[in-house]
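Visitor: One file: entry.pdb (PDB, N, CA and C atoms).
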```pdb
ATOM      1  N   MET S   1       6.054  18.450  10.119
ATOM      2  CA  MET S   1       5.916  17.691   8.894
ATOM      3  C   MET S   1       7.304  17.419   8.327
ATOM      4  N   SER S   2       7.539  16.188   7.964
ATOM      5  CA  SER S   2       8.803  15.767   7.401
ATOM      6  C   SER S   2       8.943  16.266   5.967
ATOM      7  N   ALA S   3      10.164  16.674   5.599
ATOM      8  CA  ALA S   3      10.425  17.081   4.219
ATOM      9  C   ALA S   3      10.455  15.867   3.315
ATOM     10  N   GLY S   4      10.723  14.696   3.879
ATOM     11  CA  GLY S   4      10.785  13.472   3.095
ATOM     12  C   GLY S   4      12.072  12.731   3.334
ATOM     13  N   THR S   5      12.309  11.738   2.502
ATOM     14  CA  THR S   5      13.502  10.911   2.632
ATOM     15  C   THR S   5      14.606  11.443   1.731
ATOM     16  N   ASP S   6      15.797  10.916   1.939
ATOM     17  CA  ASP S   6      16.909  11.195   1.049
ATOM     18  C   ASP S   6      16.580  10.592  -0.317
ATOM     19  N   ILE S   7      17.332  10.912  -1.311
ATOM     20  CA  ILE S   7      17.099  10.383  -2.651
ATOM     21  C   ILE S   7      17.209   8.862  -2.664
ATOM     22  N   PHE S   8      18.168   8.322  -1.922
ATOM     23  CA  PHE S   8      18.349   6.875  -1.841
ATOM     24  C   PHE S   8      17.924   6.382  -0.473
ATOM     25  N   LEU S   9      17.260   5.239  -0.442
ATOM     26  CA  LEU S   9      16.808   4.656   0.821
ATOM     27  C   LEU S   9      17.147   3.163   0.802
ATOM     28  N   HIS S  10      17.899   2.729   1.790
ATOM     29  CA  HIS S  10      18.253   1.314   1.901
ATOM     30  C   HIS S  10      17.219   0.613   2.776
ATOM     31  N   ASP S  11      16.734  -0.519   2.304
ATOM     32  CA  ASP S  11      15.661  -1.245   2.968
ATOM     33  C   ASP S  11      15.947  -1.495   4.446
ATOM     34  N   GLY S  12      17.172  -1.848   4.774
ATOM     35  CA  GLY S  12      17.526  -2.160   6.156
ATOM     36  C   GLY S  12      17.474  -0.976   7.099
ATOM     37  N   GLU S  13      17.371   0.222   6.565
ATOM     38  CA  GLU S  13      17.335   1.426   7.398
ATOM     39  C   GLU S  13      15.925   1.763   7.889
ATOM     40  N   VAL S  14      14.938   1.028   7.406
ATOM     41  CA  VAL S  14      13.545   1.366   7.717
ATOM     42  C   VAL S  14      12.888   0.200   8.454
ATOM     43  N   ALA S  15      12.232   0.504   9.561
ATOM     44  CA  ALA S  15      11.571  -0.532  10.362
ATOM     45  C   ALA S  15      10.161  -0.801   9.846
ATOM     46  N   TRP S  16       9.689  -2.018  10.074
ATOM     47  CA  TRP S  16       8.310  -2.389   9.787
ATOM     48  C   TRP S  16       7.414  -1.898  10.915
ATOM     49  N   THR S  17       6.172  -1.569  10.594
ATOM     50  CA  THR S  17       5.141  -1.255  11.577
ATOM     51  C   THR S  17       4.110  -2.372  11.523
ATOM     52  N   ASP S  18       3.895  -3.046  12.660
ATOM     53  CA  ASP S  18       2.904  -4.115  12.725
ATOM     54  C   ASP S  18       1.529  -3.485  12.868
ATOM     55  N   LEU S  19       0.659  -3.713  11.889
ATOM     56  CA  LEU S  19      -0.686  -3.145  11.905
ATOM     57  C   LEU S  19      -1.700  -4.091  12.532
ATOM     58  N   GLY S  20      -1.244  -5.307  12.919
ATOM     59  CA  GLY S  20      -2.136  -6.296  13.508
ATOM     60  C   GLY S  20      -2.865  -7.083  12.432
ATOM     61  N   GLY S  21      -3.434  -8.202  12.835
ATOM     62  CA  GLY S  21      -4.227  -9.014  11.924
ATOM     63  C   GLY S  21      -3.451  -9.624  10.781
ATOM     64  N   GLY S  22      -2.131  -9.770  10.948
ATOM     65  CA  GLY S  22      -1.322 -10.370   9.895
ATOM     66  C   GLY S  22      -0.881  -9.402   8.817
ATOM     67  N   VAL S  23      -0.884  -8.097   9.130
ATOM     68  CA  VAL S  23      -0.487  -7.071   8.160
ATOM     69  C   VAL S  23       0.613  -6.209   8.778
ATOM     70  N   LYS S  24       1.663  -5.932   7.988
ATOM     71  CA  LYS S  24       2.694  -4.990   8.426
ATOM     72  C   LYS S  24       3.067  -4.076   7.274
ATOM     73  N   ARG S  25       3.544  -2.871   7.625
ATOM     74  CA  ARG S  25       3.798  -1.823   6.638
ATOM     75  C   ARG S  25       5.187  -1.229   6.849
ATOM     76  N   LYS S  26       5.818  -0.865   5.737
ATOM     77  CA  LYS S  26       7.103  -0.175   5.777
ATOM     78  C   LYS S  26       7.012   1.030   4.844
ATOM     79  N   ILE S  27       7.242   2.235   5.390
ATOM     80  CA  ILE S  27       7.237   3.463   4.598
ATOM     81  C   ILE S  27       8.567   3.548   3.857
ATOM     82  N   LEU S  28       8.500   3.750   2.556
ATOM     83  CA  LEU S  28       9.705   3.864   1.739
ATOM     84  C   LEU S  28       9.943   5.331   1.380
ATOM     85  N   THR S  29      10.444   5.598   0.218
ATOM     86  CA  THR S  29      10.751   6.969  -0.169
ATOM     87  C   THR S  29       9.490   7.819  -0.259
ATOM     88  N   HIS S  30       9.668   9.105   0.073
ATOM     89  CA  HIS S  30       8.546  10.038  -0.024
ATOM     90  C   HIS S  30       9.024  11.472   0.031
ATOM     91  N   ASP S  31       8.208  12.343  -0.523
ATOM     92  CA  ASP S  31       8.299  13.776  -0.285
ATOM     93  C   ASP S  31       6.855  14.262  -0.180
ATOM     94  N   ALA S  32       6.626  15.535  -0.192
ATOM     95  CA  ALA S  32       5.259  16.039   0.018
ATOM     96  C   ALA S  32       4.284  15.592  -1.073
ATOM     97  N   SER S  33       4.790  15.294  -2.257
ATOM     98  CA  SER S  33       3.891  15.006  -3.379
ATOM     99  C   SER S  33       3.637  13.537  -3.640
ATOM    100  N   VAL S  34       4.472  12.637  -3.108
ATOM    101  CA  VAL S  34       4.333  11.210  -3.411
ATOM    102  C   VAL S  34       4.937  10.364  -2.292
ATOM    103  N   MET S  35       4.406   9.153  -2.119
ATOM    104  CA  MET S  35       4.909   8.234  -1.093
ATOM    105  C   MET S  35       4.794   6.809  -1.602
ATOM    106  N   MET S  36       5.831   6.001  -1.322
ATOM    107  CA  MET S  36       5.815   4.580  -1.661
ATOM    108  C   MET S  36       5.854   3.775  -0.365
ATOM    109  N   VAL S  37       5.038   2.712  -0.314
ATOM    110  CA  VAL S  37       4.872   1.923   0.909
ATOM    111  C   VAL S  37       4.827   0.437   0.553
ATOM    112  N   ARG S  38       5.535  -0.399   1.330
ATOM    113  CA  ARG S  38       5.407  -1.855   1.202
ATOM    114  C   ARG S  38       4.437  -2.331   2.269
ATOM    115  N   VAL S  39       3.521  -3.224   1.886
ATOM    116  CA  VAL S  39       2.569  -3.794   2.838
ATOM    117  C   VAL S  39       2.592  -5.313   2.654
ATOM    118  N   VAL S  40       2.901  -6.038   3.734
ATOM    119  CA  VAL S  40       3.005  -7.496   3.697
ATOM    120  C   VAL S  40       1.812  -8.089   4.441
ATOM    121  N   PHE S  41       1.221  -9.125   3.850
ATOM    122  CA  PHE S  41       0.026  -9.777   4.390
ATOM    123  C   PHE S  41       0.285 -11.260   4.583
ATOM    124  N   GLU S  42      -0.138 -11.794   5.719
ATOM    125  CA  GLU S  42      -0.198 -13.243   5.891
ATOM    126  C   GLU S  42      -1.430 -13.752   5.151
ATOM    127  N   LYS S  43      -1.453 -15.029   4.822
ATOM    128  CA  LYS S  43      -2.614 -15.607   4.146
ATOM    129  C   LYS S  43      -3.865 -15.351   4.985
ATOM    130  N   GLY S  44      -4.909 -14.869   4.333
ATOM    131  CA  GLY S  44      -6.181 -14.590   5.002
ATOM    132  C   GLY S  44      -6.281 -13.216   5.627
ATOM    133  N   ALA S  45      -5.175 -12.475   5.693
ATOM    134  CA  ALA S  45      -5.211 -11.135   6.288
ATOM    135  C   ALA S  45      -6.051 -10.202   5.422
ATOM    136  N   VAL S  46      -6.643  -9.224   6.081
ATOM    137  CA  VAL S  46      -7.576  -8.307   5.420
ATOM    138  C   VAL S  46      -7.061  -6.877   5.522
ATOM    139  N   GLY S  47      -7.066  -6.194   4.402
ATOM    140  CA  GLY S  47      -6.910  -4.742   4.382
ATOM    141  C   GLY S  47      -8.323  -4.195   4.373
ATOM    142  N   ALA S  48      -8.810  -3.795   5.543
ATOM    143  CA  ALA S  48     -10.223  -3.425   5.717
ATOM    144  C   ALA S  48     -10.644  -2.311   4.752
ATOM    145  N   PRO S  49     -11.886  -2.359   4.295
ATOM    146  CA  PRO S  49     -12.378  -1.295   3.410
ATOM    147  C   PRO S  49     -12.202   0.084   4.049
ATOM    148  N   HIS S  50     -11.695   1.008   3.262
ATOM    149  CA  HIS S  50     -11.440   2.370   3.728
ATOM    150  C   HIS S  50     -11.400   3.300   2.525
ATOM    151  N   GLN S  51     -11.304   4.580   2.782
ATOM    152  CA  GLN S  51     -11.167   5.561   1.706
ATOM    153  C   GLN S  51     -10.287   6.694   2.192
ATOM    154  N   HIS S  52      -9.701   7.405   1.256
ATOM    155  CA  HIS S  52      -8.841   8.550   1.564
ATOM    156  C   HIS S  52      -8.786   9.456   0.337
ATOM    157  N   PRO S  53      -8.379  10.705   0.526
ATOM    158  CA  PRO S  53      -8.372  11.652  -0.600
ATOM    159  C   PRO S  53      -7.202  11.471  -1.563
ATOM    160  N   HIS S  54      -6.279  10.566  -1.241
ATOM    161  CA  HIS S  54      -5.103  10.349  -2.079
ATOM    162  C   HIS S  54      -5.436   9.445  -3.265
ATOM    163  N   ILE S  55      -4.776   9.652  -4.383
ATOM    164  CA  ILE S  55      -4.811   8.683  -5.477
ATOM    165  C   ILE S  55      -3.800   7.604  -5.106
ATOM    166  N   GLN S  56      -4.181   6.349  -5.287
ATOM    167  CA  GLN S  56      -3.323   5.223  -4.919
ATOM    168  C   GLN S  56      -3.122   4.316  -6.124
ATOM    169  N   CYS S  57      -1.866   4.013  -6.432
ATOM    170  CA  CYS S  57      -1.519   3.005  -7.439
ATOM    171  C   CYS S  57      -0.805   1.886  -6.700
ATOM    172  N   THR S  58      -1.188   0.637  -6.956
ATOM    173  CA  THR S  58      -0.637  -0.491  -6.218
ATOM    174  C   THR S  58      -0.175  -1.582  -7.169
ATOM    175  N   LEU S  59       1.004  -2.129  -6.867
ATOM    176  CA  LEU S  59       1.560  -3.279  -7.565
ATOM    177  C   LEU S  59       1.463  -4.487  -6.645
ATOM    178  N   VAL S  60       0.962  -5.603  -7.143
ATOM    179  CA  VAL S  60       1.018  -6.863  -6.399
ATOM    180  C   VAL S  60       2.429  -7.414  -6.625
ATOM    181  N   ALA S  61       3.279  -7.267  -5.612
ATOM    182  CA  ALA S  61       4.676  -7.693  -5.737
ATOM    183  C   ALA S  61       4.810  -9.208  -5.646
ATOM    184  N   ARG S  62       3.987  -9.810  -4.789
ATOM    185  CA  ARG S  62       3.945 -11.278  -4.685
ATOM    186  C   ARG S  62       2.631 -11.670  -4.033
ATOM    187  N   GLY S  63       2.215 -12.891  -4.294
ATOM    188  CA  GLY S  63       0.984 -13.398  -3.697
ATOM    189  C   GLY S  63      -0.213 -13.219  -4.606
ATOM    190  N   ARG S  64      -1.376 -13.397  -3.986
ATOM    191  CA  ARG S  64      -2.661 -13.319  -4.705
ATOM    192  C   ARG S  64      -3.664 -12.636  -3.783
ATOM    193  N   PHE S  65      -4.375 -11.651  -4.327
ATOM    194  CA  PHE S  65      -5.281 -10.831  -3.526
ATOM    195  C   PHE S  65      -6.633 -10.688  -4.211
ATOM    196  N   GLU S  66      -7.691 -10.704  -3.396
ATOM    197  CA  GLU S  66      -8.992 -10.268  -3.872
ATOM    198  C   GLU S  66      -9.082  -8.787  -3.533
ATOM    199  N   VAL S  67      -9.260  -7.975  -4.555
ATOM    200  CA  VAL S  67      -9.276  -6.526  -4.397
ATOM    201  C   VAL S  67     -10.673  -6.024  -4.716
ATOM    202  N   THR S  68     -11.197  -5.174  -3.824
ATOM    203  CA  THR S  68     -12.509  -4.560  -4.055
ATOM    204  C   THR S  68     -12.322  -3.049  -4.091
ATOM    205  N   ILE S  69     -12.792  -2.432  -5.174
ATOM    206  CA  ILE S  69     -12.724  -0.978  -5.331
ATOM    207  C   ILE S  69     -14.097  -0.499  -5.779
ATOM    208  N   ASP S  70     -14.726   0.307  -4.941
ATOM    209  CA  ASP S  70     -16.028   0.897  -5.259
ATOM    210  C   ASP S  70     -17.037  -0.179  -5.681
ATOM    211  N   GLY S  71     -17.011  -1.318  -4.973
ATOM    212  CA  GLY S  71     -17.952  -2.400  -5.235
ATOM    213  C   GLY S  71     -17.529  -3.374  -6.327
ATOM    214  N   ARG S  72     -16.492  -3.059  -7.086
ATOM    215  CA  ARG S  72     -15.983  -3.968  -8.130
ATOM    216  C   ARG S  72     -14.906  -4.859  -7.522
ATOM    217  N   LYS S  73     -14.951  -6.156  -7.840
ATOM    218  CA  LYS S  73     -13.981  -7.116  -7.297
ATOM    219  C   LYS S  73     -13.172  -7.740  -8.423
ATOM    220  N   ALA S  74     -11.901  -8.020  -8.104
ATOM    221  CA  ALA S  74     -11.023  -8.742  -9.026
ATOM    222  C   ALA S  74     -10.007  -9.508  -8.199
ATOM    223  N   VAL S  75      -9.564 -10.644  -8.713
ATOM    224  CA  VAL S  75      -8.468 -11.394  -8.106
ATOM    225  C   VAL S  75      -7.220 -11.053  -8.900
ATOM    226  N   LEU S  76      -6.207 -10.562  -8.193
ATOM    227  CA  LEU S  76      -4.967 -10.127  -8.827
ATOM    228  C   LEU S  76      -3.791 -10.950  -8.316
ATOM    229  N   ASP S  77      -2.871 -11.247  -9.228
ATOM    230  CA  ASP S  77      -1.673 -12.035  -8.939
ATOM    231  C   ASP S  77      -0.432 -11.159  -9.046
ATOM    232  N   ALA S  78       0.702 -11.719  -8.642
ATOM    233  CA  ALA S  78       1.980 -11.006  -8.725
ATOM    234  C   ALA S  78       2.171 -10.430 -10.117
ATOM    235  N   GLY S  79       2.560  -9.162 -10.169
ATOM    236  CA  GLY S  79       2.759  -8.460 -11.433
ATOM    237  C   GLY S  79       1.560  -7.633 -11.856
ATOM    238  N   ASP S  80       0.368  -7.941 -11.308
ATOM    239  CA  ASP S  80      -0.833  -7.161 -11.616
ATOM    240  C   ASP S  80      -0.824  -5.877 -10.789
ATOM    241  N   SER S  81      -1.650  -4.933 -11.189
ATOM    242  CA  SER S  81      -1.707  -3.660 -10.467
ATOM    243  C   SER S  81      -3.118  -3.090 -10.518
ATOM    244  N   PHE S  82      -3.341  -2.077  -9.680
ATOM    245  CA  PHE S  82      -4.629  -1.382  -9.688
ATOM    246  C   PHE S  82      -4.444   0.061  -9.278
ATOM    247  N   ILE S  83      -5.447   0.868  -9.618
ATOM    248  CA  ILE S  83      -5.455   2.276  -9.228
ATOM    249  C   ILE S  83      -6.751   2.554  -8.473
ATOM    250  N   VAL S  84      -6.629   3.363  -7.434
ATOM    251  CA  VAL S  84      -7.795   3.768  -6.645
ATOM    252  C   VAL S  84      -7.927   5.287  -6.765
ATOM    253  N   PRO S  85      -8.928   5.760  -7.512
ATOM    254  CA  PRO S  85      -9.156   7.200  -7.578
ATOM    255  C   PRO S  85      -9.527   7.754  -6.195
ATOM    256  N   THR S  86      -9.396   9.022  -6.041
ATOM    257  CA  THR S  86      -9.627   9.680  -4.764
ATOM    258  C   THR S  86     -11.001   9.345  -4.168
ATOM    259  N   ASN S  87     -10.994   9.056  -2.883
ATOM    260  CA  ASN S  87     -12.186   8.841  -2.049
ATOM    261  C   ASN S  87     -13.038   7.625  -2.364
ATOM    262  N   LEU S  88     -12.579   6.679  -3.202
ATOM    263  CA  LEU S  88     -13.345   5.455  -3.426
ATOM    264  C   LEU S  88     -13.042   4.447  -2.317
ATOM    265  N   VAL S  89     -14.074   3.767  -1.847
ATOM    266  CA  VAL S  89     -13.893   2.739  -0.821
ATOM    267  C   VAL S  89     -13.199   1.538  -1.463
ATOM    268  N   HIS S  90     -12.148   1.042  -0.787
ATOM    269  CA  HIS S  90     -11.373  -0.074  -1.319
ATOM    270  C   HIS S  90     -10.783  -0.899  -0.185
ATOM    271  N   GLY S  91     -10.504  -2.168  -0.477
ATOM    272  CA  GLY S  91      -9.893  -3.063   0.495
ATOM    273  C   GLY S  91      -9.410  -4.314  -0.213
ATOM    274  N   VAL S  92      -8.658  -5.145   0.525
ATOM    275  CA  VAL S  92      -8.110  -6.379  -0.041
ATOM    276  C   VAL S  92      -8.230  -7.522   0.950
ATOM    277  N   VAL S  93      -8.198  -8.738   0.410
ATOM    278  CA  VAL S  93      -8.071  -9.957   1.200
ATOM    279  C   VAL S  93      -6.925 -10.743   0.580
ATOM    280  N   ALA S  94      -5.971 -11.151   1.406
ATOM    281  CA  ALA S  94      -4.835 -11.935   0.926
ATOM    282  C   ALA S  94      -5.269 -13.393   0.771
ATOM    283  N   LEU S  95      -5.381 -13.859  -0.453
ATOM    284  CA  LEU S  95      -5.767 -15.245  -0.716
ATOM    285  C   LEU S  95      -4.602 -16.190  -0.455
ATOM    286  N   GLU S  96      -3.396 -15.647  -0.438
ATOM    287  CA  GLU S  96      -2.178 -16.329  -0.012
ATOM    288  C   GLU S  96      -1.256 -15.254   0.535
ATOM    289  N   ALA S  97      -0.210 -15.648   1.235
ATOM    290  CA  ALA S  97       0.728 -14.660   1.754
ATOM    291  C   ALA S  97       1.252 -13.828   0.599
ATOM    292  N   GLY S  98       1.383 -12.530   0.811
ATOM    293  CA  GLY S  98       1.828 -11.690  -0.281
ATOM    294  C   GLY S  98       2.240 -10.304   0.150
ATOM    295  N   GLU S  99       2.587  -9.510  -0.853
ATOM    296  CA  GLU S  99       3.072  -8.151  -0.609
ATOM    297  C   GLU S  99       2.540  -7.211  -1.680
ATOM    298  N   LEU S 100       2.098  -6.042  -1.233
ATOM    299  CA  LEU S 100       1.676  -4.970  -2.122
ATOM    300  C   LEU S 100       2.660  -3.815  -2.003
ATOM    301  N   VAL S 101       2.892  -3.121  -3.106
ATOM    302  CA  VAL S 101       3.670  -1.889  -3.093
ATOM    303  C   VAL S 101       2.716  -0.778  -3.497
ATOM    304  N   ASP S 102       2.402   0.081  -2.525
ATOM    305  CA  ASP S 102       1.461   1.180  -2.730
ATOM    306  C   ASP S 102       2.219   2.473  -3.019
ATOM    307  N   THR S 103       1.686   3.273  -3.921
ATOM    308  CA  THR S 103       2.185   4.617  -4.163
ATOM    309  C   THR S 103       1.005   5.567  -4.018
ATOM    310  N   PHE S 104       1.209   6.616  -3.232
ATOM    311  CA  PHE S 104       0.151   7.583  -2.955
ATOM    312  C   PHE S 104       0.574   8.969  -3.420
ATOM    313  N   THR S 105      -0.382   9.712  -3.939
ATOM    314  CA  THR S 105      -0.161  11.123  -4.202
ATOM    315  C   THR S 105      -1.382  11.892  -3.742
ATOM    316  N   PRO S 106      -1.210  12.940  -2.928
ATOM    317  CA  PRO S 106       0.043  13.293  -2.284
ATOM    318  C   PRO S 106       0.409  12.292  -1.190
ATOM    319  N   ARG S 107       1.498  12.542  -0.517
ATOM    320  CA  ARG S 107       1.983  11.687   0.565
ATOM    321  C   ARG S 107       0.917  11.513   1.640
ATOM    322  N   ARG S 108       0.901  10.338   2.271
ATOM    323  CA  ARG S 108      -0.011  10.041   3.390
ATOM    324  C   ARG S 108       0.601  10.580   4.681
ATOM    325  N   GLU S 109       0.262  11.787   5.027
ATOM    326  CA  GLU S 109       0.774  12.400   6.267
ATOM    327  C   GLU S 109       0.379  11.553   7.476
ATOM    328  N   ASP S 110      -0.788  10.882   7.410
ATOM    329  CA  ASP S 110      -1.246  10.075   8.532
ATOM    330  C   ASP S 110      -0.368   8.846   8.765
ATOM    331  N   PHE S 111       0.477   8.483   7.813
ATOM    332  CA  PHE S 111       1.393   7.347   7.986
ATOM    333  C   PHE S 111       2.682   7.771   8.687
ATOM    334  N   LEU S 112       2.975   9.057   8.722
ATOM    335  CA  LEU S 112       4.253   9.536   9.298
ATOM    336  C   LEU S 112       4.152   9.766  10.787
TER     337      LEU S 112
END
```
Take the structure I supplied and represent it as structure tokens, if you would.
Guide:
Amino acid sequence: MSAGTDIFLHDGEVAWTDLGGGVKRKILTHDASVMMVRVVFEKGAVGAPHQHPHIQCTLVARGRFEVTIDGRKAVLDAGDSFIVPTNLVHGVVALEAGELVDTFTPRREDFL
């Protein structure tokens, strides 16, 4: 298990992971208690419905997304945000190309 990143992280030092289907992810700063992740979507790409025990807070950095959390839907634009309490089923559809910045607590060990 990784102890985490240094206090400062330069974007160019971290590679993207292609998740397929027009989605890619970059792990940013993290330690055992928290993790920040950038996720980029092509227009029409889907973040399939899923659940996890982590609390997730997400910022729509750019683009427009249809977000579904526990059966509730909303269309969110750049600057909007959402929170996903532990174990609720959630997913997104990119209505245009865009980027989400996810923060998880605790860290997503499955991403490392």
Visitor: Calculated over all atoms listed in the file, which of the candidates S:Arg108, S:Thr103, S:Glu66, S:Lys73 has the smallest distance to S:Gly91?
Guide: S:Glu66
Visitor: I'd like to know which of S:Val75, S:Val84, S:Ala15, S:Ala94 is closest to S:Ala45, using only C-alpha atoms.
Guide: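 Of the candidates, the smallest distance to S:Ala45 is held by S:Ala94.
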Visitor: So how far away is atom CA of S:Phe65 from atom CA of S:Val101, in Å?
Guide: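 So the two atoms, atom CA of S:Val101 and atom CA of S:Phe65, lie 12.7 Å apart.
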Visitor: Run the PyMOL selection byres (((chain S and resi 25-27 and name CA) around 9) and name CA) against the file shown and list the residues it catches, as a list of chain:residue names.
Guide: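 The output of the PyMOL selection byres (((chain S and resi 25-27 and name CA) around 9) and name CA) on this file is S:Val14, S:Ala15, S:Trp16, S:Thr17, S:Asp18, S:Leu19, S:Val23, S:Lys24, S:Leu28, S:Thr29, S:His30, S:Met35, S:Met36, S:Val37, S:Arg38, S:Val39, S:Val40, S:Phe111, S:Leu112.
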Visitor: Could you check the closest approach to S:His52 for each of S:Gly79, S:Gly12, S:Gly4, S:Pro85 and tell me which residue wins, using only N, CA and C atoms?
Guide: S:Pro85
Visitor: Taking only C-alpha atoms, show stretch 29-46 of chain S of the given structure as a PDB file, in the first residue's frame.
Guide:
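Result file part_3.pdb:
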```pdb
ATOM      1  CA  THR S  29      -2.694  13.851  -4.624  1.00  0.00           C
ATOM      2  CA  HIS S  30      -3.629  11.311  -1.983  1.00  0.00           C
ATOM      3  CA  ASP S  31      -2.839   9.767   1.348  1.00  0.00           C
ATOM      4  CA  ALA S  32      -4.670   7.038   3.258  1.00  0.00           C
ATOM      5  CA  SER S  33      -7.541   9.344   4.216  1.00  0.00           C
ATOM      6  CA  VAL S  34      -8.298  11.230   0.980  1.00  0.00           C
ATOM      7  CA  MET S  35      -7.741  11.067  -2.791  1.00  0.00           C
ATOM      8  CA  MET S  36      -8.274  13.526  -5.649  1.00  0.00           C
ATOM      9  CA  VAL S  37      -8.832  12.275  -9.209  1.00  0.00           C
ATOM     10  CA  ARG S  38      -9.372  13.956 -12.605  1.00  0.00           C
ATOM     11  CA  VAL S  39     -11.734  12.144 -14.978  1.00  0.00           C
ATOM     12  CA  VAL S  40     -12.106  13.318 -18.600  1.00  0.00           C
ATOM     13  CA  PHE S  41     -15.075  12.291 -20.764  1.00  0.00           C
ATOM     14  CA  GLU S  42     -15.687  12.550 -24.489  1.00  0.00           C
ATOM     15  CA  LYS S  43     -19.186  13.668 -25.479  1.00  0.00           C
ATOM     16  CA  GLY S  44     -21.617  10.798 -24.893  1.00  0.00           C
ATOM     17  CA  ALA S  45     -19.230   8.828 -22.667  1.00  0.00           C
ATOM     18  CA  VAL S  46     -20.786   7.071 -19.696  1.00  0.00           C
TER      19      VAL S  46
END
```
